[in-house]
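> Shown below is the structure under consideration.
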Amino acid sequence: MSFSSALLDWYDANKRELPWRGEHDPYRIWLSEIMLQQTQTETVKGYYRRFLERFPNVEALADAPEETVLKLWEGLGYYSRARNLHAAAKVVAHEMNSIFPKDAAGLRKLPGIGPYAANAIASIAYNVPVPALDGNQARVLSRVLAWEPEIKTPFDLLTPALGLISKERPGDYNQALMDLGAMICLPKSPKCDVCPVSTHCKAYAGDAALDYPRKPAPIAKKEQDWTILLINVGDAMLVRRRPKGLLGGLYEFCAIEGHFSDASSLANALEERGFQNVRIIERLPDAKHVFTHLVWKMQGWRVACNAAPEGYAPVNSEALEALPFPSALRIYRNSVK
Ligand code: SF4
């Protein structure tokens with residue numbers, strides 16, 4: 001039996017029940033694939049359901065204000081995905097008569113759709129035989145093939161992957177490899193004894209599953225110190241919208257790069273920045289947030305002042321709750337009384 005037949009037989013009997021399984025609507029498949037990038041499947045389920053309730057089709061998503069989309073995305077992280085999702089919905093709804101492109105090359109022209117998502121959507125929605133190569137699929141294939149070269153991107157495996165994919169059921173094949181990677185060929189503890197493709201697996205034959213994929217040395221994450229300031233003017237809290245870039249479009253509290261050793265140096269720094277009659281109320285707990293290549297080490301303070309410089313908006317606690325905020329600042333937002 002071929003590799004793909006063994007894999008598909010196993011998939012037919014063991015596939016995971018997921019809300020987007022069995023879907024052929026490219027809008028729903030696209031939504032699930034974008035959400036699943038860098039996010040655990042269990043977490044995605046609830047977001048996927050809420051998104052479809054609020055935006056049942058691509059027109060509804062395209063016509064929504066960006067802030068509504070970001071608010072619904074809150075907690076999923078990697079917010080450029082949400083902004084691109086919104087931008088791509090506008091292109092499909094307004095320039096393509098609400099019909100998604102039917103091949104991977106056309107899909108890749110949409111904002112936020114990279115080679116992985118394009119191949120996943122094209123294969124699942126339209127049965128195009130292209131491999132959905134992500135880290136998961138690359139791990140499995142690197143083991144099956146005992147792939148020696150260092151893998152810089154999963155698409156380094158494109159040529160052998162094209163040779164293995166089922167031409168009859170490419171969408172199911174891609175999902176089967178996703179499931180195999182999630183259930184059997186696990187990163188640290190592959191269950192080779194119960195693996196349906198073990199007879200095709202060169203790493204297993206060499207008793208070397210954990211030696212693959214060959215990995216480049218990890219890149220050290222850059223650390224940044226931030227002081228996060230919950231500043232009241234009267235009963236209102238000062239917030240501002242982040243510019244484009246990391247977490248762009250989300251809201252934040254006043255933040256100053258660096259840490260302060262005492263309240264008076266912090267008060268001076270704030271007055272230099274145009275805050276008037278600054279009173280430091282209390283120190284808040286420290287917090288840390290780890291991004292892909294960056295770590296924020298945060299020191300928090302509660303502050304009051306009489307007036308703020310331009311760029312800040314005073315909001316009450318109800319309005320604050322409704323604004324999209326990055327998870328990185330959740331500990332501070334939750335501490336607003
Ligand atoms: S035999 Fe082991 S290493 Fe090979 S694909 Fe199956 S689980 Fe992965």
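Lettering and numbering for the structure tokens are positional, with chains as A, B, ... in the shown order, residues counted from 1 in each chain, and ligands counted from 1 in the shown order.
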Produce as a compact mmCIF listing (two decimals) with N, CA and C atoms, in the first residue's frame the set of residues near ligand 1, where near means within 7 Å with only C-alpha atoms and all ligand atoms considered.


```
# COMPACT_ATOMS: atom_id res chain seq x y z
N VAL A 140 6.62 15.77 10.05
CA VAL A 140 6.27 14.39 9.69
C VAL A 140 7.06 13.96 8.46
N ARG A 143 10.71 13.21 8.86
CA ARG A 143 10.95 11.91 9.50
C ARG A 143 10.72 10.78 8.50
N VAL A 144 9.62 10.88 7.78
CA VAL A 144 9.33 9.82 6.80
C VAL A 144 10.49 9.69 5.80
N ILE A 184 -0.16 11.55 16.32
CA ILE A 184 0.77 10.40 16.32
C ILE A 184 2.24 10.85 16.23
N CYS A 185 2.54 11.61 15.21
CA CYS A 185 3.95 11.98 14.99
C CYS A 185 4.23 13.27 15.76
N LEU A 186 4.16 13.14 17.09
CA LEU A 186 4.27 14.32 17.96
C LEU A 186 5.72 14.80 18.01
N PRO A 190 6.92 10.88 19.43
CA PRO A 190 6.18 10.24 18.33
C PRO A 190 5.75 8.83 18.70
N LYS A 191 4.50 8.49 18.36
CA LYS A 191 3.97 7.16 18.71
C LYS A 191 4.18 6.21 17.52
N CYS A 192 5.42 5.89 17.28
CA CYS A 192 5.76 5.11 16.08
C CYS A 192 5.10 3.73 16.10
N CYS A 195 1.79 4.01 14.49
CA CYS A 195 1.74 4.92 13.34
C CYS A 195 1.34 4.17 12.06
N PRO A 196 0.37 4.71 11.32
CA PRO A 196 -0.11 3.99 10.12
C PRO A 196 0.89 4.02 8.95
N VAL A 197 1.89 4.90 9.03
CA VAL A 197 2.84 4.98 7.91
C VAL A 197 4.24 4.54 8.34
N SER A 198 4.32 3.80 9.45
CA SER A 198 5.66 3.45 9.96
C SER A 198 6.45 2.61 8.95
N CYS A 201 8.44 4.85 6.82
CA CYS A 201 9.18 5.91 7.52
C CYS A 201 10.66 5.53 7.70
N ALA A 203 13.00 7.37 9.15
CA ALA A 203 13.51 7.70 10.49
C ALA A 203 13.19 6.56 11.46
N TYR A 204 11.98 6.03 11.35
CA TYR A 204 11.58 4.91 12.22
C TYR A 204 12.47 3.70 11.95
N ALA A 209 13.65 8.77 15.02
CA ALA A 209 12.57 9.75 14.80
C ALA A 209 12.89 11.12 15.40
```

> Which residues are near Arg333 in chain A? Cut-off 10 Å, only C-alpha atoms, ignore same chain within fewer than 6 positions. Put them as a ChimeraX atom specification.

/A:230,252-253,317,320-321,325-327

> How about saving the chosen residues, N, CA and C atoms kept, as a compact mmCIF listing (two decimals), in the first residue's frame?


```txt
# COMPACT_ATOMS: atom_id res chain seq x y z
N LEU A 230 -0.99 53.17 33.99
CA LEU A 230 -2.45 53.32 34.02
C LEU A 230 -2.71 54.70 34.59
N GLU A 252 -3.71 50.73 23.78
CA GLU A 252 -2.75 50.48 24.86
C GLU A 252 -2.81 51.62 25.87
N PHE A 253 -2.21 51.38 27.01
CA PHE A 253 -2.03 52.45 27.98
C PHE A 253 -0.77 53.22 27.60
N SER A 317 -14.45 52.91 32.29
CA SER A 317 -14.10 51.48 32.35
C SER A 317 -14.94 50.65 31.39
N LEU A 320 -13.41 51.07 28.00
CA LEU A 320 -12.11 50.38 28.00
C LEU A 320 -12.31 48.89 27.73
N GLU A 321 -13.32 48.33 28.35
CA GLU A 321 -13.62 46.90 28.19
C GLU A 321 -13.93 46.56 26.74
N PHE A 325 -7.58 45.20 22.97
CA PHE A 325 -6.31 45.35 23.67
C PHE A 325 -5.45 44.12 23.43
N PRO A 326 -4.14 44.26 23.32
CA PRO A 326 -3.30 43.06 23.17
C PRO A 326 -3.29 42.23 24.46
N SER A 327 -3.16 40.91 24.29
CA SER A 327 -3.09 40.04 25.47
C SER A 327 -1.92 40.42 26.36
```

> What is the CA of Ile29 in chain A to CA of Leu133 in chain A distance in Å?

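Separation between CA of Ile29 in chain A and CA of Leu133 in chain A: 15.8 Å.
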
> Check which residues of range 204-266 of chain A sit at most 6 Å from range 294-301 of chain A using only C-alpha atoms, and return one row each with the closest pair of atoms and their distance in Å to one decimal, ordered by chain and rising number, as JSON lines.


```
{"residue": "A:Lys221", "atom": "CA", "partner": "A:Leu294", "partner_atom": "CA", "distance": 5.0}
{"residue": "A:Lys222", "atom": "CA", "partner": "A:Leu294", "partner_atom": "CA", "distance": 4.7}
{"residue": "A:Glu223", "atom": "CA", "partner": "A:Val295", "partner_atom": "CA", "distance": 4.7}
{"residue": "A:Gln224", "atom": "CA", "partner": "A:Trp296", "partner_atom": "CA", "distance": 5.0}
{"residue": "A:Asp225", "atom": "CA", "partner": "A:Lys297", "partner_atom": "CA", "distance": 4.8}
{"residue": "A:Trp226", "atom": "CA", "partner": "A:Met298", "partner_atom": "CA", "distance": 4.8}
{"residue": "A:Thr227", "atom": "CA", "partner": "A:Gln299", "partner_atom": "CA", "distance": 4.8}
{"residue": "A:Ile228", "atom": "CA", "partner": "A:Gly300", "partner_atom": "CA", "distance": 4.8}
{"residue": "A:Leu229", "atom": "CA", "partner": "A:Trp301", "partner_atom": "CA", "distance": 5.1}
```

> For the residues in that selection, give me N, CA and C atoms as a compact mmCIF listing (two decimals), in the first residue's frame.


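And here's selection.txt as it stands now:
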```txt
# COMPACT_ATOMS: atom_id res chain seq x y z
N LYS A 221 15.90 35.61 21.68
CA LYS A 221 14.86 36.64 21.62
C LYS A 221 15.40 37.95 22.18
N LYS A 222 14.99 39.04 21.53
CA LYS A 222 15.42 40.36 22.01
C LYS A 222 14.54 40.76 23.19
N GLU A 223 15.14 41.31 24.24
CA GLU A 223 14.34 41.73 25.40
C GLU A 223 14.17 43.24 25.41
N GLN A 224 12.96 43.68 25.73
CA GLN A 224 12.72 45.12 25.84
C GLN A 224 12.07 45.40 27.20
N ASP A 225 12.55 46.44 27.88
CA ASP A 225 11.92 46.87 29.14
C ASP A 225 10.89 47.96 28.84
N TRP A 226 9.71 47.80 29.42
CA TRP A 226 8.67 48.83 29.25
C TRP A 226 8.08 49.19 30.61
N THR A 227 7.72 50.45 30.74
CA THR A 227 6.94 50.88 31.89
C THR A 227 5.53 51.16 31.40
N ILE A 228 4.57 50.44 31.96
CA ILE A 228 3.17 50.57 31.54
C ILE A 228 2.45 51.41 32.59
N LEU A 229 1.76 52.44 32.11
CA LEU A 229 1.20 53.43 33.03
C LEU A 229 -0.31 53.52 32.90
```

> Between A:Ala328, A:Leu107, A:Ala60, A:Ile165, which has the minimum distance to Ala125 in chain A (counting only C-alpha atoms)?

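The shortest atom-to-atom distance to Ala125 in chain A comes from A:Leu107.
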
> Could you pull the residues within 8 Å of Glu150 in chain A, counting only C-alpha atoms, minus those fewer than 5 positions along the same chain, as a ChimeraX atom specification?

/A:213-216

> Restrict the selected residues to C-alpha atoms and save them as a PDB file, in the first residue's frame.


```pdb
ATOM      1  CA  PRO A 213      13.690  17.542  11.497  1.00  0.00           C
ATOM      2  CA  ARG A 214      17.248  18.852  11.529  1.00  0.00           C
ATOM      3  CA  LYS A 215      16.953  22.254  13.091  1.00  0.00           C
ATOM      4  CA  PRO A 216      18.937  25.498  12.829  1.00  0.00           C
TER       5      PRO A 216
END
```
